[in-house]
Amino acid sequence: MFEEYPKYEYPIAAFQLSMVMMGMGAKLGWRDFLHMAKRPKSLAIGLVCQWIVIPLLAVGFGKMLGLGPGLAFGFVLVAAMPGGPMSTLYTHFGGGNAPLAIAMTAITTLASLVTVPLLLEVFGGAATAAGVAMPLGEILREIGLFLFLPLVAGMAIAENAPKIRGFVARWGMRLGTMALLVIVAGSLGSGRVKPMEHGAGLLVWIIVFCVVSQQLSMIPFRIFKLPGEDRLAVGIEMTIRDINLALLLKASLFPAGRGDETFGNAVLFVTLCYGGTALVAGAITAVIFRFVLHPRERKPDSGLLTPESRPTNQ
């Protein structure tokens with residue numbers, strides 16, 4: 001049933017990323033970027049973690065575990081991704097600083113046109129030791145065509161056609177999610193991803209990497225006594241990565257049927273496993289913050305709306 005899936009992996013990945021990005025863009029407005037000026041310290045910490053700390057951590061995990069090139073590169077690929085669209089939803093549910101989460105997702109997504117090729121070039125070779133040639137032009141093309149342009153198109157709709165922004169946002173996310181489910185089912189059904197192929201130990205280490213990334217990014221907020229709402233926003237942002245983009249780059253850089261598929265399948269394994277882990281880890285953190293930490297830490301004059309009083313998106 002899934003034997004033909006590898007032939008269609010790339011167009012499906014391109015479609016799902018484009019739909020998700022257009023849907024995300026329709027939820028944003030250019031004014032959302034202004035929120036970053038309200039919490040410059042929190043934003044700076046988040047960006048340093050996003051572009052330096054977490055990629056270094058990914059390289060460290062690969063070295064520490066003695067992973068093969070494909071698995072090691074998978075960790076770096078995930079770490080190089082901007083924040084995922086779901087991060088704002090999780091932050092909102094947990095009572096975190098949703099405007100900060102929106103600003104971070106938007107900034108890192110737009111900046112990914114530069115940061116993703118750079119991070120993969122710098123850290124990809126360090127992680128694999130064997131070195132992986134990064135076709136920067138191809139990476140720029142994929143990000144520009146299927147991430148940047150749909151995102152900007154969605155933002156243009158939000159600004160100029162507000163009556164349909166809700167429809168575009170909902171159906172963009174829905175179609176993107178359905179395509180993502182096709183990728184997961186096709187990868188498993190075609191045998192390209194086998195859950196226990198690398199042993200239960202690697203699955204555990206992917207979980208550990210996800211949780212350590214999250215908690216490590218939260219430490220500076222405790223040290224500098226910054227608002228807990230900001231701590232949750234950045235922690236979730238470091239957890240929920242744009243796996244949609246990672247899947248597209250994997251399909252483009254290491255397509256099925258091109259030479260030895262071992263490397264590409266290993267990258268796909270880490271990417272899908274991390275994506276599932278991140279959704280669970282982010283949900284658990286949001287629930288804990290909302291019902292345990294948030295009531296105790298939130299100051300009455302913080303100026304942030306609670307999840308119950310914050311207006312819903314259009």
# chains A, B, ... in the order shown; residues from 1 in each chain; ligands from 1
call {"tool": "select_by_dssp", "arguments": {"residues": "segment 197-302 of chain A", "states": "alpha helix (DSSP H)", "output": "VMD selection string"}}
result
chain A and resid 199 to 223 228 to 239 243 to 253 262 to 288 294 to 297
call {"tool": "closest_atom_pairs", "arguments": {"of": "segment 198-312 of chain A", "to": "segment 178-189 of chain A", "cutoff": "10 Å", "atoms": "only C-alpha atoms", "output": "Markdown table"}}
result
| residue | atom | partner | partner_atom | distance |
| --- | --- | --- | --- | --- |
| A:Ile243 | CA | A:Leu180 | CA | 9.4 |
| A:Asn244 | CA | A:Leu180 | CA | 7.5 |
| A:Leu247 | CA | A:Ile183 | CA | 8.7 |
| A:Asn265 | CA | A:Ser187 | CA | 9.1 |
| A:Leu268 | CA | A:Ser187 | CA | 8.5 |
| A:Phe269 | CA | A:Ser187 | CA | 9.0 |
| A:Leu272 | CA | A:Val184 | CA | 7.4 |
call {"tool": "closest_residue", "arguments": {"among": "A:Leu89, A:Tyr8, A:Val116, A:Val270", "to": "Lys194 of chain A", "atoms": "only C-alpha atoms"}}
result
A:Val270
call {"tool": "closest_residue", "arguments": {"among": "A:Met22, A:Val287, A:Val76, A:Ala281", "to": "Pro150 of chain A", "atoms": "only C-alpha atoms"}}
result
A:Met22
call {"tool": "closest_residue", "arguments": {"among": "A:Ala111, A:Ala169, A:Met24, A:Phe254", "to": "Ser87 of chain A", "atoms": "only C-alpha atoms"}}
result
A:Met24
call {"tool": "closest_atom_pairs", "arguments": {"of": "segment 60-107 of chain A", "to": "segment 37-51 of chain A", "cutoff": "8 Å", "atoms": "only C-alpha atoms", "output": "Markdown table"}}
result
| residue | atom | partner | partner_atom | distance |
| --- | --- | --- | --- | --- |
| A:Ala79 | CA | A:Gln50 | CA | 7.7 |
| A:Ala80 | CA | A:Trp51 | CA | 7.2 |
| A:Pro82 | CA | A:Gln50 | CA | 7.5 |
| A:Leu100 | CA | A:Leu43 | CA | 7.3 |
| A:Met104 | CA | A:Leu43 | CA | 7.1 |
call {"tool": "write_last_selection", "arguments": {"atoms": "N, CA and C atoms", "output": "tab-separated table (two decimals), in the first residue's frame"}}
result
chain	number	residue	atom	x	y	z
A	79	ALA	N	17.57	20.93	15.88
A	79	ALA	CA	18.00	22.09	16.67
A	79	ALA	C	18.08	23.35	15.84
A	80	ALA	N	18.31	23.23	14.54
A	80	ALA	CA	18.44	24.40	13.67
A	80	ALA	C	17.09	24.99	13.27
A	82	PRO	N	13.41	26.81	13.38
A	82	PRO	CA	12.74	27.86	14.17
A	82	PRO	C	11.62	27.27	15.00
A	100	LEU	N	5.04	37.25	23.46
A	100	LEU	CA	6.47	36.95	23.32
A	100	LEU	C	6.65	35.70	22.46
A	104	MET	N	8.68	35.60	18.97
A	104	MET	CA	9.82	34.71	18.78
A	104	MET	C	9.62	33.79	17.59
call {"tool": "closest_residue", "arguments": {"among": "A:Met86, A:Val20, A:Cys273, A:Leu113", "to": "Val208 of chain A", "atoms": "only C-alpha atoms"}}
result
A:Cys273
call {"tool": "atom_distance", "arguments": {"atom1": "atom CA of Ile223 of chain A", "atom2": "atom CA of Phe291 of chain A"}}
result
22.9 Å
